[in-house]
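Visitor: I have a structure here, written as structure tokens, and I will follow up with some questions on it.
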Amino acid sequence: MRKLPSGRWQARYPGPDGRDRAAPSTFATKTDAARFLAAVEVDMGRGVWLDPLRSGVTLREYSQAWLAERTVRGRSLAVRTRETYQHSLDRWVLPTLGGLPLDRITPAAVRRWHAETSAATGPTATRQAYALLHAVLATAVADDALPRNPCRITGAGQARSDERPLLDLDQVQHLSAHMPENLRGLVDLAFWAHLRLGELLALRIGDIDMDAGTVAVQRQVVETDAGPVECPPKAGSQRVVHLPPQGVSALAEHLRTRSPALPTARLFVRRDGRALRAHHVHAAWSTARRAAGLPDVHLHDLRHAGLTLAAQSGATLAEVMRRAGHSSSRAAMIYQHAAERRDAEVAARLGRLAAGTTPNRTGT
């Protein structure tokens with residue numbers, strides 16, 4: 001505390017980061033200044049102190065700093081992820097909440113914003129915007145800019161996607177047969193190696209070891225506003241995937257039909273040898289799935305089906321995670337559960353078969 005030339009008293013105190021903070025106003029007496037400092041000390045002890053250097057910052061300012069500093073498992077956000085977050089902020093969050101200081105964003109304000117956003121757009125965009133706002137404000141809580149996260153709408157940030165159909169091997173082969181010759185190997189690898197589309201597009205001939213029957217996943221291609229960008233795969237996704245004999249045969253057939261190229265060349269290219277883009281694959285897939293009589297099947301369903309088959313083969317959760325390039329068990333558990341459901345179907349069929357063939361008590 002110090003007395004100013006005006007006769008009023010100023011109070012200052014160090015925050016948890018060691019930087020001094022000043023009281024928002026001066027005090028008529030030294031006793032009033034002391035009471036303020038005592039109250040700050042109590043708030044810090046209770047964990048409800050708000051940092052005046054941060055709590056008065058607007059959400060627009062804070063969210064841009066958050067986006068610039070955000071990391072996932074020690075890595076900066078991928079370019080496409082950053083663009084998606086920025087679009088969600090600019091389109092849905094900041095027009096309504098951007099001008100508010102952080103400490104003015106209340107649960108009631110969040111509920112009003114969520115209701116307005118839900119009425120203006122679909123459930124996916126609303127969920128993504130809410131989840132992003134929740135993440136930004138969770139960091140604000142950690143920064144002592146908020147006492148609690150005002151995003152408290154139960155389930156609002158959780159995905160509720162419908163369960164995808166589970167393809168069998170015959171359907172996968174049928175779909176592959178309807179793809180252009182240069183893309184049949186891509187479909188086969190999506191199933192047998194469980195690769196994501198961006199990982200498939202980034203594969204180079206040198207990533208394939210036919211003798212060992214392996215595919216090395218070292219990079220991915222991400223579509224951005226500026227065009228395709230090659231970057232490391234998702235955190236924890238670099239891996240070497242061993243192929244079953246059917247996958248090796250499909251890959252050998254692809255290499256047989258592909259023009260010879262250097263190890264650094266892309267494994268999958270367009271028919272004329274030019275670079276293959278995601279929209280080329282999606283266009284061919286759209287035609288193939290209709291021709292195969294499976295119009296609602298997504299390209300990503302190939303990966304889902306292959307991983308489920310791996311789980312059915314007896315692969316452990318850790319083994320499914322490694323093959324899939326998952327860094328958490330939550331996603332891998334989807335395939336374990338799918339395998340368990342299929343096993344339950346097998347048991348039911350066994351029961352029906354036994355009921356139809358077991359002799360009755362009279363021996364007839």
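For the structure tokens, the naming scheme is as follows: chains receive sequential letters (A, B, ...) according to their order of presentation, residues are indexed from 1 within each chain, and ligands are indexed from 1 in presentation order.
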I want to know what sits within 8 Å of Arg322 of chain A, based on only C-alpha atoms, with residues of the same chain fewer than 4 positions away left out; could you give that as a list in words?

Guide: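 Once the adjacent positions are removed, what remains is Arg239, Ala318 and His326 of chain A.
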
Visitor: Can you list every residue in segment 227-308 of chain A that DSSP puts in helix (DSSP H, G or I), as a PyMOL selection string?

Guide: chain A and resi 245-257+278-291+301-308

Visitor: Which neighbours of Gly293 of chain A fall inside 12 Å, counting only C-alpha atoms, when residues of the same chain fewer than 5 positions from it are skipped, and could you give them as a short mmCIF file (atom, residue, chain, number, x, y, z; two decimals) with C-alpha atoms, in the first residue's frame?

Guide:
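Now in around.cif:
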data_model
loop_
_atom_site.label_atom_id
_atom_site.label_comp_id
_atom_site.auth_asym_id
_atom_site.auth_seq_id
_atom_site.Cartn_x
_atom_site.Cartn_y
_atom_site.Cartn_z
CA GLN A 171 -19.11 -55.76 -50.20
CA VAL A 172 -15.62 -54.28 -49.95
CA HIS A 174 -17.61 -55.32 -54.86
CA LEU A 175 -16.95 -51.63 -54.18
CA HIS A 178 -16.41 -50.59 -59.39
CA SER A 286 -19.73 -41.76 -55.26
CA THR A 287 -20.05 -43.45 -58.65
CA ALA A 288 -18.75 -46.79 -57.38
#

Visitor: Which residues are near Val281 of chain A? Cut-off 10 Å, only C-alpha atoms, ignore same chain within fewer than 6 positions. Put them as a ChimeraX atom specification.

Guide: /A:179-180,183,186-187,197,201,270,299

Visitor: Produce a file of the selected residues containing N, CA, C and O atoms, as a short mmCIF file (atom, residue, chain, number, x, y, z; two decimals), in the first residue's frame.

Guide:
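As written to disk, again-v7.cif reads:
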data_model
loop_
_atom_site.label_atom_id
_atom_site.label_comp_id
_atom_site.auth_asym_id
_atom_site.auth_seq_id
_atom_site.Cartn_x
_atom_site.Cartn_y
_atom_site.Cartn_z
N MET A 179 -14.48 -49.27 -58.74
CA MET A 179 -13.62 -48.08 -58.76
C MET A 179 -12.75 -48.11 -60.01
O MET A 179 -12.48 -49.18 -60.57
N PRO A 180 -12.27 -46.95 -60.47
CA PRO A 180 -11.30 -46.94 -61.57
C PRO A 180 -10.08 -47.77 -61.19
O PRO A 180 -9.73 -47.87 -60.01
N LEU A 183 -7.55 -46.63 -58.68
CA LEU A 183 -7.98 -46.36 -57.30
C LEU A 183 -8.44 -47.62 -56.56
O LEU A 183 -8.83 -47.54 -55.40
N LEU A 186 -6.31 -48.24 -53.58
CA LEU A 186 -6.58 -47.30 -52.50
C LEU A 186 -7.72 -47.82 -51.63
O LEU A 186 -7.66 -47.77 -50.39
N VAL A 187 -8.77 -48.33 -52.26
CA VAL A 187 -9.90 -48.91 -51.51
C VAL A 187 -9.43 -50.10 -50.69
O VAL A 187 -9.77 -50.25 -49.52
N LEU A 197 -8.06 -41.23 -45.46
CA LEU A 197 -7.88 -40.76 -46.83
C LEU A 197 -6.62 -39.90 -46.96
O LEU A 197 -5.85 -40.05 -47.91
N LEU A 201 -3.48 -40.64 -49.52
CA LEU A 201 -3.02 -39.70 -50.54
C LEU A 201 -1.55 -39.35 -50.39
O LEU A 201 -0.88 -39.01 -51.37
N ARG A 270 -3.54 -39.89 -60.41
CA ARG A 270 -4.63 -39.93 -61.39
C ARG A 270 -4.22 -40.77 -62.59
O ARG A 270 -3.05 -41.14 -62.75
N LEU A 299 -16.68 -43.48 -47.60
CA LEU A 299 -15.33 -44.00 -47.81
C LEU A 299 -14.69 -44.40 -46.49
O LEU A 299 -13.96 -45.41 -46.40
#

Visitor: Please extract the residues of segment 185-346 of chain A with a backbone DSSP assignment of strand (DSSP E) and present them as a VMD selection string.

Guide: chain A and resid 208 to 209 214 to 217 220 to 224 227 to 231 239 to 242

Visitor: Might you pull out every residue within 12 Å of segment 232-236 of chain A, with only C-alpha atoms counted and same-chain residues fewer than 6 positions away left off, and present them as number ranges by chain?

Guide: A: 71-81, 195-203, 216-222, 321-328

Visitor: Can I get the selection written as a JSON list (two decimals), in the first residue's frame, with N, CA and C atoms?

Guide:
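The new file out-v4.json reads:
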[["chain", "number", "residue", "atom", "x", "y", "z"],
["A", 71, "THR", "N", -1.94, -25.92, -28.57],
["A", 71, "THR", "CA", -1.18, -27.10, -28.97],
["A", 71, "THR", "C", -1.96, -28.35, -28.56],
["A", 72, "VAL", "N", -1.68, -29.45, -29.24],
["A", 72, "VAL", "CA", -2.26, -30.75, -28.91],
["A", 72, "VAL", "C", -1.12, -31.74, -28.75],
["A", 73, "ARG", "N", -0.96, -32.24, -27.55],
["A", 73, "ARG", "CA", 0.14, -33.16, -27.22],
["A", 73, "ARG", "C", 1.49, -32.58, -27.64],
["A", 74, "GLY", "N", 1.65, -31.28, -27.37],
["A", 74, "GLY", "CA", 2.92, -30.63, -27.62],
["A", 74, "GLY", "C", 3.12, -30.15, -29.04],
["A", 75, "ARG", "N", 2.14, -30.39, -29.92],
["A", 75, "ARG", "CA", 2.27, -29.98, -31.32],
["A", 75, "ARG", "C", 1.27, -28.87, -31.62],
["A", 76, "SER", "N", 1.68, -27.92, -32.49],
["A", 76, "SER", "CA", 0.78, -26.86, -32.91],
["A", 76, "SER", "C", -0.40, -27.46, -33.67],
["A", 77, "LEU", "N", -1.49, -26.72, -33.71],
["A", 77, "LEU", "CA", -2.66, -27.20, -34.44],
["A", 77, "LEU", "C", -2.33, -27.39, -35.92],
["A", 78, "ALA", "N", -2.90, -28.42, -36.52],
["A", 78, "ALA", "CA", -2.77, -28.63, -37.96],
["A", 78, "ALA", "C", -3.42, -27.45, -38.68],
["A", 79, "VAL", "N", -2.94, -27.17, -39.88],
["A", 79, "VAL", "CA", -3.44, -26.01, -40.63],
["A", 79, "VAL", "C", -4.94, -26.10, -40.82],
["A", 80, "ARG", "N", -5.42, -27.27, -41.23],
["A", 80, "ARG", "CA", -6.86, -27.42, -41.48],
["A", 80, "ARG", "C", -7.66, -27.27, -40.20],
["A", 81, "THR", "N", -7.16, -27.79, -39.10],
["A", 81, "THR", "CA", -7.84, -27.65, -37.81],
["A", 81, "THR", "C", -7.93, -26.18, -37.41],
["A", 195, "LEU", "N", -6.24, -47.18, -43.29],
["A", 195, "LEU", "CA", -5.69, -45.83, -43.42],
["A", 195, "LEU", "C", -6.79, -44.81, -43.67],
["A", 196, "ARG", "N", -6.57, -43.60, -43.17],
["A", 196, "ARG", "CA", -7.43, -42.47, -43.46],
["A", 196, "ARG", "C", -7.12, -41.97, -44.87],
["A", 197, "LEU", "N", -8.06, -41.23, -45.46],
["A", 197, "LEU", "CA", -7.88, -40.76, -46.83],
["A", 197, "LEU", "C", -6.62, -39.90, -46.96],
["A", 198, "GLY", "N", -6.41, -38.98, -46.02],
["A", 198, "GLY", "CA", -5.23, -38.12, -46.10],
["A", 198, "GLY", "C", -3.94, -38.92, -46.03],
["A", 199, "GLU", "N", -3.93, -40.01, -45.27],
["A", 199, "GLU", "CA", -2.75, -40.88, -45.18],
["A", 199, "GLU", "C", -2.55, -41.64, -46.49],
["A", 200, "LEU", "N", -3.63, -42.08, -47.11],
["A", 200, "LEU", "CA", -3.54, -42.79, -48.39],
["A", 200, "LEU", "C", -2.99, -41.88, -49.48],
["A", 201, "LEU", "N", -3.48, -40.64, -49.52],
["A", 201, "LEU", "CA", -3.02, -39.70, -50.54],
["A", 201, "LEU", "C", -1.55, -39.35, -50.39],
["A", 202, "ALA", "N", -1.02, -39.42, -49.16],
["A", 202, "ALA", "CA", 0.37, -39.05, -48.90],
["A", 202, "ALA", "C", 1.35, -40.20, -49.09],
["A", 203, "LEU", "N", 0.85, -41.42, -49.28],
["A", 203, "LEU", "CA", 1.75, -42.57, -49.41],
["A", 203, "LEU", "C", 2.65, -42.43, -50.63],
["A", 216, "ALA", "N", 4.24, -48.08, -44.34],
["A", 216, "ALA", "CA", 4.69, -47.10, -43.36],
["A", 216, "ALA", "C", 3.88, -45.82, -43.51],
["A", 217, "VAL", "N", 3.21, -45.43, -42.44],
["A", 217, "VAL", "CA", 2.40, -44.21, -42.44],
["A", 217, "VAL", "C", 3.23, -43.12, -41.77],
["A", 218, "GLN", "N", 3.74, -42.19, -42.57],
["A", 218, "GLN", "CA", 4.65, -41.17, -42.06],
["A", 218, "GLN", "C", 4.14, -39.75, -42.25],
["A", 219, "ARG", "N", 3.10, -39.60, -43.04],
["A", 219, "ARG", "CA", 2.61, -38.25, -43.37],
["A", 219, "ARG", "C", 1.16, -38.34, -43.81],
["A", 220, "GLN", "N", 0.55, -37.18, -43.95],
["A", 220, "GLN", "CA", -0.82, -37.10, -44.49],
["A", 220, "GLN", "C", -0.93, -35.86, -45.38],
["A", 221, "VAL", "N", -1.92, -35.86, -46.24],
["A", 221, "VAL", "CA", -2.24, -34.69, -47.06],
["A", 221, "VAL", "C", -3.52, -34.09, -46.51],
["A", 222, "VAL", "N", -3.47, -32.80, -46.20],
["A", 222, "VAL", "CA", -4.63, -32.09, -45.64],
["A", 222, "VAL", "C", -5.07, -31.03, -46.63],
["A", 321, "MET", "N", -5.49, -50.08, -31.42],
["A", 321, "MET", "CA", -5.05, -48.69, -31.36],
["A", 321, "MET", "C", -3.82, -48.47, -32.24],
["A", 322, "ARG", "N", -2.88, -49.40, -32.17],
["A", 322, "ARG", "CA", -1.65, -49.24, -32.94],
["A", 322, "ARG", "C", -1.94, -49.30, -34.44],
["A", 323, "ARG", "N", -2.74, -50.26, -34.86],
["A", 323, "ARG", "CA", -3.06, -50.39, -36.29],
["A", 323, "ARG", "C", -3.83, -49.17, -36.79],
["A", 324, "ALA", "N", -4.70, -48.64, -35.95],
["A", 324, "ALA", "CA", -5.54, -47.51, -36.36],
["A", 324, "ALA", "C", -4.81, -46.17, -36.27],
["A", 325, "GLY", "N", -3.73, -46.12, -35.49],
["A", 325, "GLY", "CA", -3.09, -44.84, -35.26],
["A", 325, "GLY", "C", -3.87, -43.99, -34.29],
["A", 326, "HIS", "N", -4.51, -44.64, -33.31],
["A", 326, "HIS", "CA", -5.26, -43.92, -32.28],
["A", 326, "HIS", "C", -4.35, -43.65, -31.08],
["A", 327, "SER", "N", -4.44, -42.44, -30.54],
["A", 327, "SER", "CA", -3.65, -42.09, -29.36],
["A", 327, "SER", "C", -4.45, -42.27, -28.08],
["A", 328, "SER", "N", -5.76, -42.51, -28.19],
["A", 328, "SER", "CA", -6.58, -42.78, -27.01],
["A", 328, "SER", "C", -7.39, -44.04, -27.26]]

Visitor: So, counting only C-alpha atoms, which residue among A:Asp32, A:Glu223, A:Asp90, A:Asp144 is closest to Arg54 of chain A?

Guide: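 Residue with the minimum atom-to-atom distance to Arg54 of chain A: A:Asp144.
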
Visitor: What's around Pro263 of chain A at 8 Å? Count only C-alpha atoms, leave out sequence neighbours fewer than 6 positions away in its own chain, and write the answer as a list in words.

Guide: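 Contacts, in chain order: Arg204, Ile205, Gly206 and Asp207 of chain A.
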
Visitor: How far is it from atom CA of Val297 of chain A to atom CA of Arg277 of chain A, in Å with one decimal?

Guide: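 If I compute the distance from atom CA of Val297 of chain A to atom CA of Arg277 of chain A, I get 19.9 Å.
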